[in-house]
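*Asks:* This is run.cif, which holds mmCIF, C-alpha atoms:
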```
data_work
#
loop_
_atom_site.label_atom_id
_atom_site.label_comp_id
_atom_site.auth_asym_id
_atom_site.auth_seq_id
_atom_site.Cartn_x
_atom_site.Cartn_y
_atom_site.Cartn_z
CA MET A 1 90.43 89.19 80.70
CA THR A 2 90.10 90.08 77.05
CA ARG A 3 91.60 93.11 75.41
CA ARG A 4 88.08 94.39 74.83
CA ARG A 5 87.59 94.45 78.56
CA LEU A 6 90.85 96.29 79.10
CA ALA A 7 89.72 99.28 77.06
CA GLY A 8 87.90 102.23 78.60
CA VAL A 9 84.95 104.16 77.27
CA GLY A 10 84.60 107.91 77.29
CA ILE A 11 81.97 109.10 79.77
CA ALA A 12 81.27 112.39 81.42
CA LEU A 13 82.37 113.29 84.93
CA ALA A 14 80.59 111.11 87.45
CA VAL A 15 80.55 112.01 91.12
CA MET A 16 79.34 109.34 93.52
CA SER A 17 78.56 110.67 96.97
CA VAL A 18 79.78 108.41 99.74
CA SER A 19 78.53 110.41 102.69
CA ALA A 20 75.52 112.50 101.76
CA ALA A 21 75.14 113.87 105.29
CA SER A 22 78.70 115.23 105.42
CA PRO A 23 79.07 119.05 105.45
CA GLN A 24 82.12 118.61 103.25
CA ARG A 25 81.51 119.36 99.58
CA ILE A 26 83.55 119.29 96.40
CA GLU A 27 83.34 121.57 93.38
CA ARG A 28 85.33 122.47 90.31
CA ILE A 29 86.89 125.91 90.35
CA ALA A 30 88.68 128.00 87.75
CA ASP A 31 91.68 129.28 89.72
CA VAL A 32 93.58 128.64 92.94
CA PRO A 33 92.15 131.04 95.53
CA ALA A 34 94.56 133.43 97.20
CA PRO A 35 96.28 133.11 99.53
CA MET A 36 96.98 129.39 99.18
CA ALA A 37 100.31 127.58 99.30
CA VAL A 38 101.49 124.33 97.71
CA LEU A 39 101.26 121.47 100.21
CA PRO A 40 103.89 118.82 100.87
CA VAL A 41 102.50 115.39 99.97
CA ALA A 42 103.27 111.86 101.10
CA VAL A 43 103.09 109.72 97.95
CA HIS A 44 102.51 105.97 98.06
CA GLY A 45 102.96 103.95 94.91
CA ARG A 46 105.07 104.49 91.85
CA VAL A 47 105.01 108.03 90.50
CA VAL A 48 107.10 110.35 88.37
CA ARG A 49 107.53 113.80 89.86
CA ASP A 50 106.74 116.71 87.53
CA GLY A 51 107.19 119.96 89.42
CA ASP A 52 104.63 119.90 92.22
CA ALA A 53 102.50 117.30 90.41
CA PHE A 54 102.74 113.51 90.25
CA VAL A 55 102.32 111.31 87.18
CA ARG A 56 101.22 107.73 87.85
CA GLN A 57 99.95 104.67 86.00
CA TRP A 58 100.16 101.63 88.29
CA PRO A 59 96.97 101.07 90.30
CA GLY A 60 96.43 101.58 94.00
CA SER A 61 98.54 104.70 94.47
CA TYR A 62 97.43 107.11 97.18
CA PHE A 63 98.37 110.63 98.23
CA GLU A 64 98.18 112.15 101.72
CA ALA A 65 98.55 115.82 102.62
CA GLY A 66 98.16 117.79 105.83
CA PHE A 67 96.69 121.28 105.97
CA ALA A 68 94.82 123.72 108.18
CA GLY A 69 91.74 125.69 107.30
CA PRO A 70 88.27 125.19 105.85
CA ALA A 71 89.29 124.17 102.31
CA VAL A 72 91.83 122.26 100.26
CA VAL A 73 92.39 122.46 96.50
CA PHE A 74 94.04 120.00 94.13
CA ARG A 75 94.45 119.62 90.39
CA ILE A 76 93.52 116.55 88.35
CA GLY A 77 95.16 116.19 84.96
CA SER A 78 93.93 114.56 81.79
CA GLY A 79 93.45 110.81 81.48
CA GLU A 80 90.92 108.31 82.79
CA VAL A 81 90.97 107.53 86.50
CA ALA A 82 88.66 106.92 89.45
CA LEU A 83 89.59 108.62 92.73
CA HIS A 84 88.34 108.20 96.31
CA LEU A 85 88.56 111.46 98.28
CA SER A 86 88.51 111.58 102.08
CA VAL A 87 89.31 114.16 104.75
CA ASP A 88 90.23 113.07 108.27
CA GLY A 89 89.23 109.51 107.42
CA VAL A 90 85.72 110.53 106.33
CA ALA A 91 84.75 109.80 102.71
CA VAL A 92 83.82 112.89 100.73
CA GLU A 93 83.28 111.72 97.13
CA THR A 94 84.43 109.29 94.47
CA LEU A 95 85.26 110.88 91.13
CA VAL A 96 84.96 108.56 88.13
CA LYS A 97 86.75 109.83 85.00
CA PRO A 98 86.74 113.42 86.26
CA ALA A 99 87.26 116.29 83.86
CA PRO A 100 90.73 117.82 84.12
CA GLY A 101 90.98 120.90 86.29
CA LEU A 102 91.04 122.26 89.82
CA TYR A 103 88.83 120.81 92.55
CA ARG A 104 88.08 122.28 95.98
CA ILE A 105 86.84 120.49 99.07
CA ASP A 106 85.42 122.97 101.54
CA GLY A 107 82.96 123.15 104.41
CA LEU A 108 85.67 121.94 106.81
CA ALA A 109 86.34 123.08 110.35
CA ARG A 110 89.18 125.59 110.67
CA GLY A 111 91.62 123.27 112.45
CA ARG A 112 94.15 120.80 111.04
CA HIS A 113 93.07 118.16 108.52
CA ARG A 114 94.42 115.27 106.50
CA LEU A 115 93.47 114.79 102.85
CA ARG A 116 93.76 111.36 101.26
CA ILE A 117 93.23 110.65 97.57
CA GLU A 118 93.22 106.97 96.52
CA VAL A 119 93.32 105.68 92.96
CA ALA A 120 90.60 103.04 92.66
CA SER A 121 90.95 102.25 88.94
CA GLU A 122 93.43 101.07 86.37
CA SER A 123 94.98 103.43 83.83
CA GLN A 124 96.31 101.07 81.17
CA ALA A 125 95.44 103.46 78.36
CA GLY A 126 97.89 106.05 79.66
CA PRO A 127 99.28 107.78 82.75
CA THR A 128 97.31 110.33 84.74
CA ARG A 129 98.42 113.36 86.72
CA ILE A 130 97.46 114.45 90.23
CA GLY A 131 98.53 117.65 91.95
CA PRO A 132 99.64 120.17 92.94
CA PHE A 133 97.75 120.39 96.24
CA TYR A 134 96.96 123.76 97.88
CA ALA A 135 95.61 125.12 101.16
CA ALA A 136 95.76 128.35 103.13
CA GLN A 137 98.14 126.78 105.63
CA ALA A 138 100.36 123.72 105.13
CA ALA A 139 100.88 121.02 107.73
CA ALA A 140 103.14 118.00 107.67
CA PRO A 141 101.67 114.98 105.86
CA PRO A 142 101.30 111.72 107.80
CA ALA A 143 104.64 110.08 108.58
CA PRO A 144 105.46 106.88 106.67
CA ARG A 145 104.14 103.78 108.38
CA THR A 146 106.76 101.39 109.67
CA ARG A 147 105.15 98.36 108.01
CA ARG A 148 105.17 98.07 104.22
CA ILE A 149 103.71 95.49 101.87
CA GLU A 150 104.07 95.20 98.10
CA PHE A 151 101.49 93.40 95.96
CA ILE A 152 102.38 92.16 92.47
CA GLY A 153 99.90 90.53 90.14
CA ASP A 154 97.10 90.79 87.62
CA SER A 155 93.40 91.73 87.71
CA HIS A 156 92.82 89.71 90.88
CA THR A 157 95.29 91.99 92.65
CA VAL A 158 93.91 95.11 90.95
CA GLY A 159 90.42 94.47 92.35
CA TYR A 160 88.86 94.30 88.89
CA GLY A 161 85.05 94.42 89.14
CA VAL A 162 85.26 93.66 92.84
CA THR A 163 82.10 95.47 93.95
CA SER A 164 79.89 94.23 91.12
CA ALA A 165 76.70 92.36 91.99
CA THR A 166 76.85 90.50 88.67
CA ARG A 167 79.39 88.76 86.46
CA ASP A 168 77.92 90.41 83.37
CA CYS A 169 79.41 93.92 83.21
CA SER A 170 79.58 96.62 80.58
CA GLU A 171 82.74 98.67 80.13
CA ASP A 172 81.14 101.40 82.21
CA GLY A 173 80.25 98.80 84.83
CA VAL A 174 83.87 97.68 85.04
CA TRP A 175 84.94 101.28 85.66
CA ARG A 176 82.38 101.72 88.41
CA THR A 177 83.08 98.43 90.21
CA THR A 178 86.86 98.10 89.95
CA ASP A 179 88.30 99.28 93.25
CA THR A 180 91.85 98.50 94.30
CA SER A 181 91.17 100.04 97.71
CA GLN A 182 88.70 97.22 98.44
CA GLY A 183 90.90 94.40 97.15
CA PHE A 184 92.79 91.95 99.32
CA GLY A 185 95.94 94.08 99.21
CA ALA A 186 94.35 97.14 100.74
CA GLN A 187 92.50 94.90 103.21
CA LEU A 188 95.80 93.42 104.36
CA ALA A 189 97.41 96.85 104.56
CA ARG A 190 94.62 98.03 106.84
CA ARG A 191 94.87 94.86 108.92
CA TYR A 192 98.59 95.42 109.54
CA ARG A 193 98.47 99.24 109.49
CA ALA A 194 100.96 99.20 106.65
CA ASP A 195 101.76 101.38 103.67
CA TYR A 196 101.49 99.48 100.43
CA GLN A 197 102.15 99.41 96.70
CA VAL A 198 100.06 97.60 94.10
CA ASN A 199 102.15 96.78 91.03
CA ALA A 200 99.65 94.82 88.97
CA ILE A 201 98.14 94.95 85.48
CA SER A 202 94.96 93.20 84.42
CA GLY A 203 95.40 90.63 81.68
CA ARG A 204 99.15 90.15 82.14
CA GLY A 205 100.99 86.96 83.03
CA VAL A 206 104.52 85.80 83.69
CA VAL A 207 105.33 84.89 80.08
CA ARG A 208 101.90 84.87 78.41
CA ASN A 209 99.04 87.36 78.60
CA TYR A 210 95.34 86.56 78.52
CA ASP A 211 94.45 84.65 75.36
CA GLY A 212 97.96 85.36 74.06
CA PHE A 213 97.48 89.09 73.40
CA ALA A 214 100.63 91.11 72.71
CA ALA A 215 101.86 93.36 75.54
CA ASP A 216 104.56 93.23 78.17
CA PRO A 217 104.09 90.36 80.59
CA LEU A 218 104.16 91.63 84.16
CA PRO A 219 107.87 90.92 84.87
CA ASP A 220 108.83 92.95 81.78
CA ALA A 221 106.64 95.92 82.79
CA TYR A 222 107.62 95.77 86.46
CA PRO A 223 110.95 97.67 86.33
CA TYR A 224 109.31 100.88 85.10
CA ALA A 225 107.44 103.64 86.91
CA LEU A 226 105.13 104.05 83.89
CA PHE A 227 104.21 101.61 81.15
CA ASP A 228 106.63 103.30 78.77
CA HIS A 229 109.92 101.37 78.98
CA ARG A 230 111.61 104.71 79.60
CA THR A 231 111.19 105.64 83.25
CA PRO A 232 112.80 103.25 85.75
CA ALA A 233 110.90 102.80 89.00
CA ALA A 234 112.84 104.51 91.78
CA ALA A 235 112.83 102.32 94.89
CA VAL A 236 115.37 104.07 97.11
CA ASP A 237 112.79 104.75 99.81
CA TRP A 238 110.66 101.63 99.37
CA HIS A 239 111.64 98.65 101.57
CA PRO A 240 108.73 96.21 101.94
CA GLN A 241 108.87 93.58 104.65
CA VAL A 242 106.31 91.46 102.76
CA ILE A 243 105.94 90.96 99.00
CA VAL A 244 102.77 89.15 97.84
CA ILE A 245 102.66 87.81 94.27
CA ALA A 246 99.88 86.17 92.24
CA LEU A 247 100.72 85.50 88.59
CA GLY A 248 99.56 82.69 86.34
CA THR A 249 95.86 83.26 85.77
CA ASN A 250 96.49 84.85 82.38
CA ASP A 251 99.22 82.38 81.41
CA PHE A 252 96.94 79.36 81.79
CA THR A 253 93.20 80.12 81.65
CA THR A 254 93.05 80.16 77.82
CA PRO A 255 94.25 77.58 75.27
CA LEU A 256 97.38 78.09 73.23
CA HIS A 257 96.81 79.34 69.68
CA ALA A 258 98.63 78.71 66.43
CA GLY A 259 101.50 81.12 66.07
CA GLU A 260 102.32 81.42 69.76
CA ARG A 261 105.90 80.56 70.64
CA TRP A 262 105.12 77.51 72.78
CA PRO A 263 104.48 74.31 70.79
CA ASP A 264 102.54 72.76 73.65
CA ARG A 265 101.49 73.16 77.28
CA ALA A 266 104.66 71.50 78.57
CA ALA A 267 106.82 74.12 76.87
CA LEU A 268 104.64 76.88 78.34
CA HIS A 269 105.03 75.34 81.80
CA ALA A 270 108.81 75.20 81.50
CA ASP A 271 109.06 78.81 80.33
CA TYR A 272 106.66 80.03 83.02
CA GLU A 273 108.47 78.26 85.85
CA ALA A 274 111.93 79.45 84.79
CA ARG A 275 110.83 83.08 84.32
CA TYR A 276 108.84 83.19 87.56
CA VAL A 277 111.84 81.86 89.50
CA ARG A 278 114.11 84.52 87.97
CA PHE A 279 111.56 87.23 88.75
CA VAL A 280 111.36 86.24 92.41
CA GLN A 281 115.14 86.01 92.65
CA ASP A 282 115.40 89.54 91.24
CA LEU A 283 112.94 90.73 93.87
CA ARG A 284 114.95 88.97 96.55
CA ARG A 285 118.09 90.87 95.62
CA ARG A 286 116.16 94.10 96.10
CA ALA A 287 114.52 92.99 99.36
CA PRO A 288 116.88 90.51 101.03
CA GLN A 289 114.89 90.24 104.29
CA ALA A 290 111.32 90.30 102.96
CA LEU A 291 108.85 87.46 103.29
CA ILE A 292 107.71 86.58 99.76
CA VAL A 293 104.24 85.04 99.52
CA LEU A 294 103.19 83.27 96.31
CA TRP A 295 99.47 82.53 96.12
CA ALA A 296 97.31 80.93 93.47
CA THR A 297 93.71 79.92 92.83
CA ASP A 298 92.40 76.55 91.63
CA MET A 299 91.27 78.01 88.29
CA ALA A 300 92.18 76.22 85.04
CA GLN A 301 91.46 72.82 86.62
CA GLY A 302 94.23 73.34 89.16
CA GLU A 303 96.91 74.09 86.58
CA ILE A 304 97.77 77.47 88.13
CA GLU A 305 98.17 76.08 91.64
CA ALA A 306 100.29 73.21 90.39
CA GLU A 307 102.61 75.52 88.49
CA VAL A 308 103.01 78.04 91.32
CA ALA A 309 103.72 75.17 93.73
CA LYS A 310 106.51 74.05 91.38
CA VAL A 311 107.94 77.58 91.35
CA ALA A 312 107.95 77.68 95.15
CA ALA A 313 109.62 74.27 95.29
CA ARG A 314 112.32 75.33 92.81
CA LEU A 315 113.02 78.48 94.83
CA ARG A 316 113.35 76.48 98.05
CA ALA A 317 115.64 74.00 96.29
CA ALA A 318 117.81 76.96 95.25
CA GLY A 319 118.15 78.03 98.89
CA GLU A 320 115.18 80.39 99.34
CA ARG A 321 113.94 80.33 102.94
CA ARG A 322 111.75 83.38 103.41
CA ILE A 323 108.96 82.20 101.14
CA ALA A 324 105.41 80.93 101.58
CA TYR A 325 103.08 79.26 99.11
CA VAL A 326 99.34 79.83 99.68
CA PRO A 327 96.75 77.96 97.59
CA VAL A 328 93.36 79.69 97.68
CA ASP A 329 90.55 77.32 96.70
CA GLY A 330 86.79 77.60 96.61
CA LEU A 331 86.31 81.21 95.52
CA ALA A 332 82.95 82.16 93.98
CA PHE A 333 84.39 84.45 91.27
CA ALA A 334 81.14 86.42 91.33
CA GLY A 335 82.65 89.78 90.34
CA CYS A 336 82.71 91.27 86.86
CA HIS A 337 83.69 88.75 84.16
CA ASN A 338 84.20 85.96 86.72
CA HIS A 339 86.68 87.85 88.85
CA PRO A 340 86.94 87.60 92.63
CA SER A 341 84.09 89.33 94.42
CA LEU A 342 84.47 91.45 97.51
CA ALA A 343 83.75 88.37 99.61
CA ASP A 344 86.39 86.44 97.64
CA GLN A 345 88.91 89.22 98.21
CA THR A 346 88.31 88.93 101.94
CA VAL A 347 88.92 85.17 101.75
CA ILE A 348 92.19 85.80 99.88
CA ALA A 349 93.28 88.35 102.48
CA THR A 350 92.49 85.95 105.32
CA ARG A 351 94.49 83.10 103.76
CA ILE A 352 97.51 85.32 103.10
CA ALA A 353 97.29 86.83 106.59
CA ALA A 354 97.60 83.34 108.06
CA ALA A 355 100.89 82.87 106.18
CA ILE A 356 102.18 86.24 107.36
CA ASP A 357 101.09 85.65 110.96
CA ALA A 358 102.98 82.34 110.95
CA GLN A 359 106.17 84.42 110.64
CA PRO A 360 105.62 87.40 112.96
CA GLN A 361 109.32 88.20 112.97
CA VAL A 362 108.86 89.55 109.45
CA TRP A 363 107.83 92.92 110.88
CA THR A 364 110.94 93.33 113.03
CA ALA A 365 113.70 91.57 111.05
CA PRO A 366 114.61 94.30 108.53
CA ALA A 367 115.61 97.73 109.80
CA LEU A 368 113.61 100.23 107.82
CA ARG A 369 115.28 103.38 106.66
CA ARG A 370 112.78 106.08 107.41
CA SER A 371 112.73 108.75 104.74
CA ALA A 372 111.29 112.22 104.85
CA PRO A 373 107.86 112.64 103.24
CA ARG A 374 108.04 113.68 99.62
CA SER A 375 106.91 117.22 99.04
#
```
Could you render the structure as structure tokens?
*Replies:*
Amino acid sequence: MTRRRLAGVGIALAVMSVSAASPQRIERIADVPAPMAVLPVAVHGRVVRDGDAFVRQWPGSYFEAGFAGPAVVFRIGSGEVALHLSVDGVAVETLVKPAPGLYRIDGLARGRHRLRIEVASESQAGPTRIGPFYAAQAAAPPAPRTRRIEFIGDSHTVGYGVTSATRDCSEDGVWRTTDTSQGFGAQLARRYRADYQVNAISGRGVVRNYDGFAADPLPDAYPYALFDHRTPAAAVDWHPQVIVIALGTNDFTTPLHAGERWPDRAALHADYEARYVRFVQDLRRRAPQALIVLWATDMAQGEIEAEVAKVAARLRAAGERRIAYVPVDGLAFAGCHNHPSLADQTVIATRIAAAIDAQPQVWTAPALRRSAPRS
């Protein structure tokens, strides 16, 4: 993915109706209606708490709140983002680059409800803010699920251009077809009824980014809650039983250029393998019981698969036992800019699921520490 493709373009608020027949409706409002109270929220994904609001930048985060009554209100801050909104599992709208302000979903029955807001897009240009959330009567948010999966990677993990019907996409087309909630990670989470995190950035590699552009490779960005090198990611209540990693596409799909620090491909391979091994070992110290799945495509004439296989072999030689290597061949790459399509994402999910299902004890081995929902 080129840097040009990473940039966003300024467009007006776009609202895409998912369920036109639904009585639920969304509108912008000027003020929080009285009487409404701030709702407790279950937050999934890396965020920084700011009062009753949440600042996030990694993709795939989602927010769940319980409430009673015919309406719920929430605030969206500045910054570019695409959000799926649903109530009680029924899609209401998707907001693409919404204007900052308060939004109300109403037309609901007067009983108890569950609001879910999912981030579908990337926010590489800067963090975005969601919340506070308000309703006339608060209810407890959904309890944390006992199964948890973390996904680490690049644009393939983000779900870049996943719903596109063509490889040729404008910047606006990328915004409208990138959807982390339809990528293989979210598919696997639904399959296993798991909570999940997506810690991925398009264009980033292990030691080298796409076409050699200057930015933190993924392992250097990973320790932080935002892409700012200032806010460490707090993981005290995040204990995944499965960690799925795909890194290497951006290291190897473009030729080396004059001025890059690797004199040749062999030097790049050696640096990549050593750094990837260290990254996995760091993850292992944080999640001693987790199954770690490394997967790779056959892009770059098989170079990526060969290198990831070497990383897996080096980890096993160093004593790693809870690890699986999954090559994923034969994808169509029919999404935006030759990225995996929705059908490809389903193939990826199926291949990874086979590796997980081969070790069913993964769901029972670690004792999860259940934490109270964040409010």
*Asks:* I would like the residues chosen by the PyMOL selection byres ((chain A and resi 250) around 6) on the shown file; could you give them as number ranges by chain?
*Replies:* A: 203-205, 209-210, 248-249, 251-253
*Asks:* Would you pick out the contacts of A:Ile130 at 7 Å or less, using all atoms listed in the file, so that residues sharing its chain but fewer than 6 positions from it are not included, and give the list as a list of chain:residue names?
*Replies:*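 In the requested form, the answer reads A:Ala53, A:Phe54, A:Val55, A:Arg75, A:Ile76, A:Gly77.
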*Asks:* With only C-alpha atoms as the counted atoms, please give the residues lying no more than 8 Å from A:Arg145, apart from itself and same-chain residues fewer than 4 positions off, as number ranges by chain.
*Replies:* A: 193-195
*Asks:* Under the PyMOL selection byres ((chain A and resi 169-182) around 6), which residues of this model are included? Write them out as a list in words.
*Replies:*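 Evaluating the PyMOL selection byres ((chain A and resi 169-182) around 6) on this file yields Gly60, Ala120, Ser121, Val158, Gly159, Tyr160, Gly161, Val162, Thr163, Ser164, Asp168, Gly183, Ala186 and Cys336 of chain A.
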*Asks:* What lies within 8 Å of stretch 34-43 of chain A using all atoms listed in the file, ignoring chain neighbours under 2 positions off, as a PyMOL selection string?
*Replies:* chain A and resi 32+45+47+52+61-67+132-144+373-375
*Asks:* Fewer than 5 positions away in the same chain doesn't count, so skip those; otherwise give me all residues within 9 Å of A:Gly69, counting only C-alpha atoms, as a PyMOL selection string.
*Replies:* chain A and resi 106+108-113+135-137
*Asks:* So how many Å separate atom CA of A:Thr157 and atom CA of A:Phe74, to one decimal?
*Replies:*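 If I compute the distance from atom CA of A:Thr157 to atom CA of A:Phe74, I get 28.1 Å.
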*Asks:* Please compute the atom CA of A:Thr297-atom CA of A:Gln281 distance, one decimal, in Å.
*Replies:*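 A separation of 22.3 Å between them.
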*Asks:* Could N, CA and C atoms be built for stretch 71-82 of chain A and written out as an mmCIF file, in the coordinates of the input?
*Replies:*
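And here is the file that came out, out26.cif:
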```cif
data_model
loop_
_atom_site.group_PDB
_atom_site.id
_atom_site.type_symbol
_atom_site.label_atom_id
_atom_site.label_comp_id
_atom_site.auth_asym_id
_atom_site.auth_seq_id
_atom_site.Cartn_x
_atom_site.Cartn_y
_atom_site.Cartn_z
ATOM 1 N N ALA A 71 89.334 124.641 103.698
ATOM 2 C CA ALA A 71 89.290 124.170 102.310
ATOM 3 C C ALA A 71 90.646 123.651 101.875
ATOM 4 N N VAL A 72 90.627 122.751 100.901
ATOM 5 C CA VAL A 72 91.830 122.260 100.260
ATOM 6 C C VAL A 72 91.545 122.157 98.766
ATOM 7 N N VAL A 73 92.540 122.439 97.960
ATOM 8 C CA VAL A 73 92.390 122.460 96.500
ATOM 9 C C VAL A 73 93.437 121.539 95.886
ATOM 10 N N PHE A 74 93.066 120.856 94.834
ATOM 11 C CA PHE A 74 94.040 120.000 94.130
ATOM 12 C C PHE A 74 93.653 119.982 92.653
ATOM 13 N N ARG A 75 94.656 119.673 91.833
ATOM 14 C CA ARG A 75 94.450 119.620 90.390
ATOM 15 C C ARG A 75 94.462 118.163 89.924
ATOM 16 N N ILE A 76 93.552 117.843 89.016
ATOM 17 C CA ILE A 76 93.520 116.550 88.350
ATOM 18 C C ILE A 76 93.831 116.783 86.874
ATOM 19 N N GLY A 77 94.793 116.034 86.352
ATOM 20 C CA GLY A 77 95.160 116.190 84.960
ATOM 21 C C GLY A 77 94.303 115.343 84.038
ATOM 22 N N SER A 78 94.681 115.322 82.772
ATOM 23 C CA SER A 78 93.930 114.560 81.790
ATOM 24 C C SER A 78 94.194 113.071 81.965
ATOM 25 N N GLY A 79 93.340 112.259 81.365
ATOM 26 C CA GLY A 79 93.450 110.810 81.480
ATOM 27 C C GLY A 79 92.334 110.236 82.331
ATOM 28 N N GLU A 80 92.041 108.961 82.128
ATOM 29 C CA GLU A 80 90.920 108.310 82.790
ATOM 30 C C GLU A 80 91.355 107.692 84.109
ATOM 31 N N VAL A 81 90.624 108.014 85.180
ATOM 32 C CA VAL A 81 90.970 107.530 86.500
ATOM 33 C C VAL A 81 89.733 107.622 87.382
ATOM 34 N N ALA A 82 89.680 106.800 88.406
ATOM 35 C CA ALA A 82 88.660 106.920 89.450
ATOM 36 C C ALA A 82 89.379 107.169 90.773
#
```
